[in-house]
>>> print(open('final-v2.cif').read())   # mmCIF, N, CA and C atoms
data_work
#
loop_
_atom_site.label_atom_id
_atom_site.label_comp_id
_atom_site.auth_asym_id
_atom_site.auth_seq_id
_atom_site.Cartn_x
_atom_site.Cartn_y
_atom_site.Cartn_z
N MET A 1 76.38 82.50 163.94
CA MET A 1 77.00 83.50 164.78
C MET A 1 76.06 84.69 164.89
N LYS A 2 75.86 85.17 166.12
CA LYS A 2 75.02 86.35 166.33
C LYS A 2 75.68 87.58 165.74
N ALA A 3 74.85 88.50 165.31
CA ALA A 3 75.34 89.71 164.67
C ALA A 3 75.02 90.94 165.53
N PHE A 4 75.74 92.02 165.26
CA PHE A 4 75.46 93.30 165.88
C PHE A 4 74.38 93.98 165.04
N PHE A 5 73.24 94.31 165.65
CA PHE A 5 72.20 95.03 164.93
C PHE A 5 71.48 95.98 165.88
N GLY A 6 70.84 96.97 165.30
CA GLY A 6 70.10 97.96 166.08
C GLY A 6 70.90 99.24 166.26
N THR A 7 70.22 100.26 166.79
CA THR A 7 70.82 101.55 167.04
C THR A 7 70.46 101.97 168.47
N PHE A 8 71.48 102.36 169.24
CA PHE A 8 71.31 102.69 170.65
C PHE A 8 72.18 103.90 170.98
N THR A 9 71.61 104.88 171.65
CA THR A 9 72.37 106.06 172.06
C THR A 9 72.55 106.03 173.57
N ASN A 10 73.80 106.12 174.02
CA ASN A 10 74.12 106.08 175.45
C ASN A 10 74.98 107.27 175.83
N LYS A 11 74.88 107.64 177.09
CA LYS A 11 75.61 108.78 177.63
C LYS A 11 77.08 108.42 177.84
N ILE A 12 77.95 109.37 177.56
CA ILE A 12 79.38 109.25 177.88
C ILE A 12 79.60 110.08 179.13
N ASP A 13 80.13 109.47 180.18
CA ASP A 13 80.34 110.23 181.42
C ASP A 13 81.65 111.01 181.37
N SER A 14 81.93 111.76 182.42
CA SER A 14 83.10 112.64 182.43
C SER A 14 84.43 111.88 182.39
N LYS A 15 84.40 110.58 182.68
CA LYS A 15 85.61 109.77 182.63
C LYS A 15 85.76 109.03 181.30
N GLY A 16 84.84 109.31 180.35
CA GLY A 16 84.90 108.66 179.05
C GLY A 16 84.27 107.28 179.02
N ARG A 17 83.51 106.94 180.05
CA ARG A 17 82.86 105.63 180.09
C ARG A 17 81.52 105.69 179.37
N VAL A 18 81.23 104.64 178.62
CA VAL A 18 79.96 104.51 177.92
C VAL A 18 79.50 103.06 178.02
N SER A 19 78.20 102.87 178.23
CA SER A 19 77.64 101.51 178.31
C SER A 19 77.50 100.92 176.92
N VAL A 20 78.03 99.74 176.75
CA VAL A 20 77.86 99.00 175.50
C VAL A 20 76.45 98.39 175.56
N PRO A 21 75.64 98.54 174.50
CA PRO A 21 74.29 98.00 174.53
C PRO A 21 74.27 96.51 174.91
N ALA A 22 73.26 96.13 175.69
CA ALA A 22 73.17 94.75 176.19
C ALA A 22 73.23 93.73 175.06
N SER A 23 72.55 94.00 173.94
CA SER A 23 72.57 93.02 172.84
C SER A 23 73.97 92.89 172.25
N PHE A 24 74.73 93.98 172.21
CA PHE A 24 76.10 93.92 171.70
C PHE A 24 76.98 93.13 172.69
N ARG A 25 76.77 93.37 174.00
CA ARG A 25 77.52 92.61 175.00
C ARG A 25 77.20 91.12 174.88
N GLY A 26 75.95 90.80 174.53
CA GLY A 26 75.56 89.40 174.34
C GLY A 26 76.32 88.75 173.20
N VAL A 27 76.53 89.49 172.12
CA VAL A 27 77.30 88.97 170.98
C VAL A 27 78.74 88.71 171.42
N ILE A 28 79.31 89.67 172.15
CA ILE A 28 80.70 89.54 172.64
C ILE A 28 80.81 88.35 173.58
N ALA A 29 79.89 88.27 174.56
CA ALA A 29 79.93 87.17 175.53
C ALA A 29 79.72 85.82 174.85
N GLY A 30 78.88 85.80 173.83
CA GLY A 30 78.62 84.56 173.09
C GLY A 30 79.86 84.03 172.40
N ARG A 31 80.82 84.89 172.19
CA ARG A 31 82.10 84.47 171.60
C ARG A 31 83.14 84.15 172.67
N GLY A 32 82.70 84.20 173.94
CA GLY A 32 83.62 83.89 175.03
C GLY A 32 84.56 85.03 175.35
N LEU A 33 84.20 86.27 174.99
CA LEU A 33 85.07 87.42 175.19
C LEU A 33 84.54 88.33 176.30
N THR A 34 85.43 89.11 176.89
CA THR A 34 85.05 90.03 177.96
C THR A 34 85.49 91.46 177.64
N SER A 35 85.76 91.72 176.37
CA SER A 35 86.20 93.05 175.96
C SER A 35 85.75 93.29 174.53
N VAL A 36 85.83 94.55 174.12
CA VAL A 36 85.60 94.89 172.73
C VAL A 36 86.89 95.44 172.16
N ALA A 37 87.05 95.33 170.86
CA ALA A 37 88.19 95.92 170.17
C ALA A 37 87.65 97.08 169.37
N LEU A 38 88.32 98.23 169.46
CA LEU A 38 87.81 99.46 168.86
C LEU A 38 88.94 100.20 168.16
N HIS A 39 88.62 100.85 167.05
CA HIS A 39 89.59 101.68 166.32
C HIS A 39 88.84 102.78 165.60
N PRO A 40 89.51 103.88 165.29
CA PRO A 40 88.88 104.91 164.46
C PRO A 40 88.64 104.35 163.06
N ALA A 41 87.47 104.64 162.49
CA ALA A 41 87.16 104.20 161.13
C ALA A 41 88.12 104.87 160.15
N LEU A 42 88.45 104.17 159.10
CA LEU A 42 89.37 104.70 158.11
C LEU A 42 88.76 105.80 157.25
N PHE A 43 87.46 105.70 156.94
CA PHE A 43 86.87 106.61 155.96
C PHE A 43 85.66 107.38 156.47
N GLU A 44 85.30 107.20 157.73
CA GLU A 44 84.15 107.89 158.29
C GLU A 44 84.53 108.49 159.63
N SER A 45 83.77 109.47 160.09
CA SER A 45 84.05 110.13 161.38
C SER A 45 83.37 109.38 162.51
N CYS A 46 83.78 108.14 162.70
CA CYS A 46 83.21 107.31 163.76
C CYS A 46 84.27 106.32 164.23
N LEU A 47 83.90 105.52 165.19
CA LEU A 47 84.75 104.44 165.67
C LEU A 47 84.12 103.13 165.23
N GLU A 48 84.95 102.12 164.99
CA GLU A 48 84.44 100.81 164.62
C GLU A 48 84.93 99.79 165.62
N GLY A 49 84.05 98.85 165.92
CA GLY A 49 84.41 97.84 166.90
C GLY A 49 83.80 96.49 166.60
N ALA A 50 84.27 95.52 167.35
CA ALA A 50 83.80 94.14 167.26
C ALA A 50 84.47 93.40 168.42
N GLY A 51 84.37 92.10 168.39
CA GLY A 51 85.16 91.31 169.32
C GLY A 51 86.58 91.25 168.82
N PHE A 52 87.52 91.06 169.72
CA PHE A 52 88.92 91.01 169.32
C PHE A 52 89.17 89.86 168.34
N ASP A 53 88.32 88.84 168.39
CA ASP A 53 88.47 87.70 167.48
C ASP A 53 88.41 88.13 166.01
N ARG A 54 87.61 89.16 165.70
CA ARG A 54 87.54 89.64 164.31
C ARG A 54 88.90 90.13 163.84
N PHE A 55 89.63 90.79 164.71
CA PHE A 55 90.91 91.36 164.33
C PHE A 55 92.01 90.31 164.35
N GLU A 56 91.86 89.28 165.18
CA GLU A 56 92.81 88.17 165.13
C GLU A 56 92.67 87.46 163.79
N ASN A 57 91.43 87.37 163.28
CA ASN A 57 91.21 86.77 161.95
C ASN A 57 91.88 87.62 160.87
N LEU A 58 91.91 88.92 161.06
CA LEU A 58 92.59 89.81 160.12
C LEU A 58 94.07 89.44 160.03
N LEU A 59 94.65 89.12 161.17
CA LEU A 59 96.06 88.74 161.20
C LEU A 59 96.34 87.42 160.52
N SER A 60 95.35 86.52 160.49
CA SER A 60 95.58 85.20 159.91
C SER A 60 95.91 85.28 158.43
N GLY A 61 95.56 86.40 157.78
CA GLY A 61 95.88 86.57 156.37
C GLY A 61 97.31 87.00 156.11
N PHE A 62 98.05 87.33 157.18
CA PHE A 62 99.43 87.77 157.03
C PHE A 62 100.38 86.60 157.20
N THR A 63 101.43 86.57 156.39
CA THR A 63 102.51 85.62 156.55
C THR A 63 103.51 86.23 157.53
N ASP A 64 103.97 85.44 158.49
CA ASP A 64 104.94 85.95 159.46
C ASP A 64 106.29 86.03 158.78
N SER A 65 106.63 87.23 158.37
CA SER A 65 107.85 87.45 157.63
C SER A 65 108.28 88.90 157.85
N PHE A 66 109.55 89.19 157.63
CA PHE A 66 110.01 90.56 157.78
C PHE A 66 109.50 91.45 156.65
N VAL A 67 109.25 90.87 155.51
CA VAL A 67 108.71 91.62 154.38
C VAL A 67 107.48 90.87 153.89
N HIS A 68 106.31 91.52 153.98
CA HIS A 68 105.09 90.88 153.51
C HIS A 68 105.09 90.84 151.99
N PRO A 69 104.80 89.68 151.41
CA PRO A 69 104.76 89.59 149.96
C PRO A 69 103.69 90.53 149.38
N VAL A 70 102.55 90.63 150.02
CA VAL A 70 101.49 91.55 149.61
C VAL A 70 101.08 92.31 150.86
N ARG A 71 101.19 93.62 150.80
CA ARG A 71 100.85 94.44 151.96
C ARG A 71 99.38 94.79 151.94
N ASP A 72 98.77 94.72 153.10
CA ASP A 72 97.39 95.17 153.27
C ASP A 72 97.46 96.42 154.13
N GLU A 73 97.59 97.56 153.47
CA GLU A 73 97.79 98.80 154.20
C GLU A 73 96.58 99.18 155.05
N ALA A 74 95.38 98.85 154.60
CA ALA A 74 94.20 99.14 155.41
C ALA A 74 94.26 98.36 156.72
N ALA A 75 94.61 97.07 156.64
CA ALA A 75 94.73 96.26 157.85
C ALA A 75 95.83 96.81 158.76
N GLU A 76 96.93 97.26 158.17
CA GLU A 76 98.01 97.82 158.97
C GLU A 76 97.54 99.07 159.72
N LEU A 77 96.79 99.94 159.04
CA LEU A 77 96.29 101.15 159.69
C LEU A 77 95.33 100.81 160.84
N ILE A 78 94.48 99.84 160.61
CA ILE A 78 93.55 99.42 161.66
C ILE A 78 94.31 98.86 162.85
N MET A 79 95.24 97.96 162.60
CA MET A 79 95.96 97.30 163.68
C MET A 79 96.79 98.29 164.51
N GLU A 80 97.32 99.33 163.88
CA GLU A 80 98.17 100.25 164.64
C GLU A 80 97.37 101.15 165.57
N GLU A 81 96.06 101.30 165.33
CA GLU A 81 95.24 102.12 166.22
C GLU A 81 94.27 101.30 167.06
N LEU A 82 94.22 100.01 166.85
CA LEU A 82 93.28 99.13 167.54
C LEU A 82 93.55 99.09 169.04
N ARG A 83 92.50 99.16 169.82
CA ARG A 83 92.60 99.04 171.28
C ARG A 83 91.63 97.97 171.77
N GLU A 84 92.08 97.17 172.68
CA GLU A 84 91.20 96.22 173.34
C GLU A 84 90.70 96.89 174.63
N LEU A 85 89.40 97.05 174.74
CA LEU A 85 88.80 97.76 175.87
C LEU A 85 87.94 96.79 176.69
N PRO A 86 88.36 96.51 177.92
CA PRO A 86 87.60 95.56 178.75
C PRO A 86 86.26 96.14 179.18
N LEU A 87 85.27 95.26 179.25
CA LEU A 87 83.96 95.64 179.78
C LEU A 87 84.04 95.60 181.30
N ASP A 88 83.57 96.66 181.96
CA ASP A 88 83.55 96.63 183.43
C ASP A 88 82.32 95.88 183.91
N GLY A 89 82.12 95.80 185.20
CA GLY A 89 81.00 95.06 185.77
C GLY A 89 79.64 95.58 185.38
N ASP A 90 79.59 96.83 184.93
CA ASP A 90 78.33 97.44 184.50
C ASP A 90 78.17 97.44 182.98
N GLY A 91 79.06 96.76 182.27
CA GLY A 91 78.96 96.68 180.82
C GLY A 91 79.46 97.92 180.10
N ARG A 92 80.34 98.68 180.76
CA ARG A 92 80.87 99.90 180.15
C ARG A 92 82.29 99.69 179.68
N ILE A 93 82.68 100.52 178.72
CA ILE A 93 84.07 100.61 178.29
C ILE A 93 84.52 102.05 178.51
N VAL A 94 85.83 102.25 178.61
CA VAL A 94 86.39 103.59 178.71
C VAL A 94 86.98 103.95 177.36
N LEU A 95 86.43 104.98 176.75
CA LEU A 95 86.91 105.41 175.44
C LEU A 95 88.17 106.24 175.61
N PRO A 96 89.23 105.92 174.88
CA PRO A 96 90.44 106.76 174.93
C PRO A 96 90.13 108.18 174.45
N ASP A 97 90.76 109.16 175.07
CA ASP A 97 90.52 110.56 174.70
C ASP A 97 90.71 110.82 173.21
N GLU A 98 91.76 110.22 172.62
CA GLU A 98 92.00 110.46 171.20
C GLU A 98 90.90 109.86 170.32
N PHE A 99 90.26 108.79 170.78
CA PHE A 99 89.14 108.21 170.04
C PHE A 99 87.92 109.14 170.12
N ILE A 100 87.68 109.68 171.31
CA ILE A 100 86.58 110.63 171.50
C ILE A 100 86.77 111.81 170.56
N ALA A 101 88.00 112.31 170.48
CA ALA A 101 88.29 113.46 169.61
C ALA A 101 88.11 113.10 168.14
N LYS A 102 88.62 111.94 167.70
CA LYS A 102 88.54 111.56 166.29
C LYS A 102 87.11 111.39 165.82
N ALA A 103 86.24 110.87 166.69
CA ALA A 103 84.84 110.66 166.32
C ALA A 103 83.97 111.87 166.68
N ARG A 104 84.60 112.91 167.22
CA ARG A 104 83.92 114.14 167.62
C ARG A 104 82.76 113.87 168.58
N LEU A 105 82.98 112.91 169.49
CA LEU A 105 81.96 112.58 170.47
C LEU A 105 81.94 113.64 171.57
N LYS A 106 80.76 113.87 172.10
CA LYS A 106 80.63 114.83 173.19
C LYS A 106 80.11 114.10 174.43
N ASN A 107 78.82 114.23 174.70
CA ASN A 107 78.27 113.60 175.89
C ASN A 107 77.44 112.36 175.58
N GLN A 108 77.35 111.99 174.29
CA GLN A 108 76.62 110.80 173.90
C GLN A 108 77.32 110.09 172.75
N ALA A 109 77.09 108.79 172.67
CA ALA A 109 77.58 107.99 171.55
C ALA A 109 76.44 107.12 171.07
N THR A 110 76.25 107.07 169.77
CA THR A 110 75.24 106.19 169.20
C THR A 110 75.94 104.96 168.64
N PHE A 111 75.56 103.81 169.18
CA PHE A 111 76.07 102.52 168.71
C PHE A 111 75.17 102.06 167.56
N VAL A 112 75.78 101.69 166.45
CA VAL A 112 75.03 101.24 165.28
C VAL A 112 75.54 99.85 164.89
N GLY A 113 74.64 98.87 164.91
CA GLY A 113 75.01 97.53 164.49
C GLY A 113 75.20 97.47 162.99
N ARG A 114 76.27 96.82 162.56
CA ARG A 114 76.58 96.67 161.14
C ARG A 114 76.84 95.20 160.80
N GLY A 115 76.17 94.29 161.51
CA GLY A 115 76.36 92.86 161.24
C GLY A 115 77.56 92.33 161.98
N TRP A 116 78.68 92.16 161.30
CA TRP A 116 79.88 91.59 161.91
C TRP A 116 80.68 92.61 162.69
N LYS A 117 80.28 93.90 162.63
CA LYS A 117 80.95 94.95 163.39
C LYS A 117 79.89 95.94 163.87
N PHE A 118 80.34 96.89 164.70
CA PHE A 118 79.46 97.99 165.09
C PHE A 118 80.24 99.29 164.99
N GLN A 119 79.51 100.39 164.97
CA GLN A 119 80.14 101.69 164.92
C GLN A 119 79.63 102.56 166.06
N LEU A 120 80.44 103.52 166.49
CA LEU A 120 80.05 104.54 167.46
C LEU A 120 80.11 105.89 166.76
N TRP A 121 79.00 106.59 166.79
CA TRP A 121 78.86 107.88 166.11
C TRP A 121 78.44 108.96 167.08
N GLU A 122 78.82 110.18 166.79
CA GLU A 122 78.22 111.34 167.45
C GLU A 122 76.82 111.41 166.86
N PRO A 123 75.76 111.48 167.69
CA PRO A 123 74.39 111.34 167.18
C PRO A 123 74.02 112.27 166.02
N SER A 124 74.36 113.54 166.07
CA SER A 124 73.97 114.43 164.97
C SER A 124 74.76 114.12 163.69
N SER A 125 76.00 113.67 163.82
CA SER A 125 76.78 113.26 162.64
C SER A 125 76.15 112.04 161.98
N LEU A 126 75.70 111.10 162.80
CA LEU A 126 75.04 109.91 162.26
C LEU A 126 73.77 110.29 161.51
N ALA A 127 73.01 111.24 162.05
CA ALA A 127 71.77 111.67 161.38
C ALA A 127 72.06 112.22 159.99
N VAL A 128 73.12 113.01 159.85
CA VAL A 128 73.50 113.57 158.55
C VAL A 128 73.90 112.45 157.59
N VAL A 129 74.71 111.52 158.06
CA VAL A 129 75.17 110.40 157.22
C VAL A 129 73.99 109.53 156.81
N LYS A 130 73.08 109.30 157.74
CA LYS A 130 71.91 108.47 157.45
C LYS A 130 71.03 109.12 156.39
N GLN A 131 70.79 110.42 156.48
CA GLN A 131 69.97 111.12 155.48
C GLN A 131 70.63 111.08 154.10
N ALA A 132 71.95 111.23 154.06
CA ALA A 132 72.67 111.15 152.77
C ALA A 132 72.52 109.75 152.18
N LYS A 133 72.57 108.74 153.02
CA LYS A 133 72.43 107.36 152.55
C LYS A 133 71.02 107.13 151.99
N ILE A 134 70.02 107.67 152.67
CA ILE A 134 68.64 107.53 152.21
C ILE A 134 68.48 108.22 150.85
N ARG A 135 69.06 109.40 150.69
CA ARG A 135 68.97 110.11 149.40
C ARG A 135 69.65 109.31 148.29
N ARG A 136 70.82 108.71 148.58
CA ARG A 136 71.50 107.91 147.55
C ARG A 136 70.67 106.69 147.14
N ILE A 137 70.07 106.04 148.12
CA ILE A 137 69.24 104.87 147.82
C ILE A 137 68.03 105.28 146.99
N ALA A 138 67.37 106.37 147.39
CA ALA A 138 66.20 106.85 146.64
C ALA A 138 66.59 107.21 145.22
N ALA A 139 67.71 107.90 145.04
CA ALA A 139 68.15 108.28 143.70
C ALA A 139 68.45 107.04 142.86
N SER A 140 69.05 106.05 143.46
CA SER A 140 69.36 104.81 142.75
C SER A 140 68.08 104.10 142.32
N LEU A 141 67.09 104.07 143.20
CA LEU A 141 65.82 103.42 142.86
C LEU A 141 65.09 104.20 141.76
N GLU A 142 65.15 105.51 141.84
CA GLU A 142 64.50 106.33 140.81
C GLU A 142 65.16 106.12 139.45
N SER A 143 66.46 106.01 139.42
CA SER A 143 67.13 105.81 138.13
C SER A 143 66.80 104.42 137.56
N LYS A 144 66.65 103.44 138.42
CA LYS A 144 66.27 102.09 137.96
C LYS A 144 64.85 102.09 137.39
N GLU A 145 63.96 102.87 138.03
CA GLU A 145 62.58 102.97 137.55
C GLU A 145 62.54 103.66 136.19
N SER A 146 63.37 104.69 136.01
CA SER A 146 63.36 105.42 134.74
C SER A 146 63.98 104.60 133.60
N ASP A 147 64.76 103.57 133.95
CA ASP A 147 65.37 102.71 132.93
C ASP A 147 64.39 101.67 132.39
N LYS A 148 63.26 101.47 133.10
CA LYS A 148 62.29 100.46 132.66
C LYS A 148 61.54 100.96 131.44
N PRO A 149 61.24 100.05 130.51
CA PRO A 149 60.51 100.45 129.29
C PRO A 149 59.06 100.79 129.57
#
>>> encode(input="final-v2.cif", output="structure tokens")
Amino acid sequence: MKAFFGTFTNKIDSKGRVSVPASFRGVIAGRGLTSVALHPALFESCLEGAGFDRFENLLSGFTDSFVHPVRDEAAELIMEELRELPLDGDGRIVLPDEFIAKARLKNQATFVGRGWKFQLWEPSSLAVVKQAKIRRIAASLESKESDKP
């Protein structure tokens, strides 16, 4: 299965439309889909997306019952905010206003491939998160080096 990878920054127009990167559209089309599924991330200031098939697989873990024997509250939160957004003829999606607000998007969105999913970030927010990640990795490597005899 093809994965979402790479980083692409695209303009958001006044109607909330943004072009989904061609390689991401290729992953979606390769699954026989014509839309993306998007939701606000649970723990980061971004949006997360994939093909709707990923979220249908999330449902397969639930037993159809009035009371779930084991609740997956994270899945419930994702499903209640999930939106299926069709790709238009130009490969764009229309971002809901509340999604734009939650991710603090302005006139651009940076698409970041994360393998089986992708994220949409406000570009300067992504830069801050990326630098923090680099510092954590460097600190982890330095501590491993200092542990060597």
>>> atom_distance(input="final-v2.cif", atom1="atom C of Ala109 (chain A)", atom2="CA of Leu85 (chain A)")
16.2 Å
>>> closest_residue(input="final-v2.cif", among="A:Ser146, A:Thr34, A:Thr9, A:Gln108", to="Asp90 (chain A)", atoms="only C-alpha atoms")
A:Thr34
>>> residues_around(input="final-v2.cif", residues="region 115-131 of chain A", least_positions_apart="4", cutoff="7 Å", atoms="only N, CA and C atoms", output="PyMOL selection string")
chain A and resi 2-5+45-51+103-106+108-111+135-136
>>> atom_distance(input="final-v2.cif", atom1="atom N of Gly30 (chain A)", atom2="atom C of Arg17 (chain A)")
20.8 Å
>>> atom_distance(input="final-v2.cif", atom1="CA of Asn57 (chain A)", atom2="CA of Pro96 (chain A)")
23.8 Å
>>> select_by_dssp(input="final-v2.cif", residues="chain A", states="alpha helix (DSSP H)", output="NGL selection string")
:A and (22-30 or 52-60 or 73-81 or 97-102 or 123-147)
>>> select_by_dssp(input="final-v2.cif", residues="chain A", states="strand (DSSP E or B)", output="PyMOL selection string")
chain A and resi 4+7-12+17-19+35-40+47-50+83-86+92-94+108-113+115+118-121
>>> write_last_selection(input="final-v2.cif", atoms="N, CA and C atoms", output="short mmCIF file (atom, residue, chain, number, x, y, z; two decimals), in the coordinates of the input")
data_model
loop_
_atom_site.label_atom_id
_atom_site.label_comp_id
_atom_site.auth_asym_id
_atom_site.auth_seq_id
_atom_site.Cartn_x
_atom_site.Cartn_y
_atom_site.Cartn_z
N PHE A 4 75.74 92.02 165.26
CA PHE A 4 75.46 93.30 165.88
C PHE A 4 74.38 93.98 165.04
N THR A 7 70.22 100.26 166.79
CA THR A 7 70.82 101.55 167.04
C THR A 7 70.46 101.97 168.47
N PHE A 8 71.48 102.36 169.24
CA PHE A 8 71.31 102.69 170.65
C PHE A 8 72.18 103.90 170.98
N THR A 9 71.61 104.88 171.65
CA THR A 9 72.37 106.06 172.06
C THR A 9 72.55 106.03 173.57
N ASN A 10 73.80 106.12 174.02
CA ASN A 10 74.12 106.08 175.45
C ASN A 10 74.98 107.27 175.83
N LYS A 11 74.88 107.64 177.09
CA LYS A 11 75.61 108.78 177.63
C LYS A 11 77.08 108.42 177.84
N ILE A 12 77.95 109.37 177.56
CA ILE A 12 79.38 109.25 177.88
C ILE A 12 79.60 110.08 179.13
N ARG A 17 83.51 106.94 180.05
CA ARG A 17 82.86 105.63 180.09
C ARG A 17 81.52 105.69 179.37
N VAL A 18 81.23 104.64 178.62
CA VAL A 18 79.96 104.51 177.92
C VAL A 18 79.50 103.06 178.02
N SER A 19 78.20 102.87 178.23
CA SER A 19 77.64 101.51 178.31
C SER A 19 77.50 100.92 176.92
N SER A 35 85.76 91.72 176.37
CA SER A 35 86.20 93.05 175.96
C SER A 35 85.75 93.29 174.53
N VAL A 36 85.83 94.55 174.12
CA VAL A 36 85.60 94.89 172.73
C VAL A 36 86.89 95.44 172.16
N ALA A 37 87.05 95.33 170.86
CA ALA A 37 88.19 95.92 170.17
C ALA A 37 87.65 97.08 169.37
N LEU A 38 88.32 98.23 169.46
CA LEU A 38 87.81 99.46 168.86
C LEU A 38 88.94 100.20 168.16
N HIS A 39 88.62 100.85 167.05
CA HIS A 39 89.59 101.68 166.32
C HIS A 39 88.84 102.78 165.60
N PRO A 40 89.51 103.88 165.29
CA PRO A 40 88.88 104.91 164.46
C PRO A 40 88.64 104.35 163.06
N LEU A 47 83.90 105.52 165.19
CA LEU A 47 84.75 104.44 165.67
C LEU A 47 84.12 103.13 165.23
N GLU A 48 84.95 102.12 164.99
CA GLU A 48 84.44 100.81 164.62
C GLU A 48 84.93 99.79 165.62
N GLY A 49 84.05 98.85 165.92
CA GLY A 49 84.41 97.84 166.90
C GLY A 49 83.80 96.49 166.60
N ALA A 50 84.27 95.52 167.35
CA ALA A 50 83.80 94.14 167.26
C ALA A 50 84.47 93.40 168.42
N ARG A 83 92.50 99.16 169.82
CA ARG A 83 92.60 99.04 171.28
C ARG A 83 91.63 97.97 171.77
N GLU A 84 92.08 97.17 172.68
CA GLU A 84 91.20 96.22 173.34
C GLU A 84 90.70 96.89 174.63
N LEU A 85 89.40 97.05 174.74
CA LEU A 85 88.80 97.76 175.87
C LEU A 85 87.94 96.79 176.69
N PRO A 86 88.36 96.51 177.92
CA PRO A 86 87.60 95.56 178.75
C PRO A 86 86.26 96.14 179.18
N ARG A 92 80.34 98.68 180.76
CA ARG A 92 80.87 99.90 180.15
C ARG A 92 82.29 99.69 179.68
N ILE A 93 82.68 100.52 178.72
CA ILE A 93 84.07 100.61 178.29
C ILE A 93 84.52 102.05 178.51
N VAL A 94 85.83 102.25 178.61
CA VAL A 94 86.39 103.59 178.71
C VAL A 94 86.98 103.95 177.36
N GLN A 108 77.35 111.99 174.29
CA GLN A 108 76.62 110.80 173.90
C GLN A 108 77.32 110.09 172.75
N ALA A 109 77.09 108.79 172.67
CA ALA A 109 77.58 107.99 171.55
C ALA A 109 76.44 107.12 171.07
N THR A 110 76.25 107.07 169.77
CA THR A 110 75.24 106.19 169.20
C THR A 110 75.94 104.96 168.64
N PHE A 111 75.56 103.81 169.18
CA PHE A 111 76.07 102.52 168.71
C PHE A 111 75.17 102.06 167.56
N VAL A 112 75.78 101.69 166.45
CA VAL A 112 75.03 101.24 165.28
C VAL A 112 75.54 99.85 164.89
N GLY A 113 74.64 98.87 164.91
CA GLY A 113 75.01 97.53 164.49
C GLY A 113 75.20 97.47 162.99
N GLY A 115 76.17 94.29 161.51
CA GLY A 115 76.36 92.86 161.24
C GLY A 115 77.56 92.33 161.98
N PHE A 118 80.34 96.89 164.70
CA PHE A 118 79.46 97.99 165.09
C PHE A 118 80.24 99.29 164.99
N GLN A 119 79.51 100.39 164.97
CA GLN A 119 80.14 101.69 164.92
C GLN A 119 79.63 102.56 166.06
N LEU A 120 80.44 103.52 166.49
CA LEU A 120 80.05 104.54 167.46
C LEU A 120 80.11 105.89 166.76
N TRP A 121 79.00 106.59 166.79
CA TRP A 121 78.86 107.88 166.11
C TRP A 121 78.44 108.96 167.08
#
>>> closest_residue(input="final-v2.cif", among="A:Val94, A:Leu42, A:Val18, A:Leu141", to="Glu73 (chain A)", atoms="only C-alpha atoms")
A:Leu42
>>> decode(input="final-v2.cif", residues="region 7-25 of chain A", atoms="C-alpha atoms", output="compact mmCIF listing (two decimals), in the first residue's frame")
# COMPACT_ATOMS: atom_id res chain seq x y z
CA THR A 7 5.97 18.01 3.03
CA PHE A 8 4.04 20.45 0.81
CA THR A 9 2.74 23.95 1.54
CA ASN A 10 -0.31 25.13 -0.43
CA LYS A 11 -2.39 28.29 -0.42
CA ILE A 12 -5.83 28.37 1.18
CA ASP A 13 -8.17 30.58 -0.83
CA SER A 14 -10.90 32.85 0.53
CA LYS A 15 -13.46 30.02 0.26
CA GLY A 16 -11.34 27.65 2.37
CA ARG A 17 -10.21 25.57 -0.60
CA VAL A 18 -6.75 24.02 -0.56
CA SER A 19 -5.08 21.74 -3.11
CA VAL A 20 -4.24 18.29 -1.81
CA PRO A 21 -0.69 17.41 -2.97
CA ALA A 22 -0.67 15.28 -6.13
CA SER A 23 1.19 12.43 -4.41
CA PHE A 24 -1.40 12.36 -1.62
CA ARG A 25 -4.22 12.34 -4.21
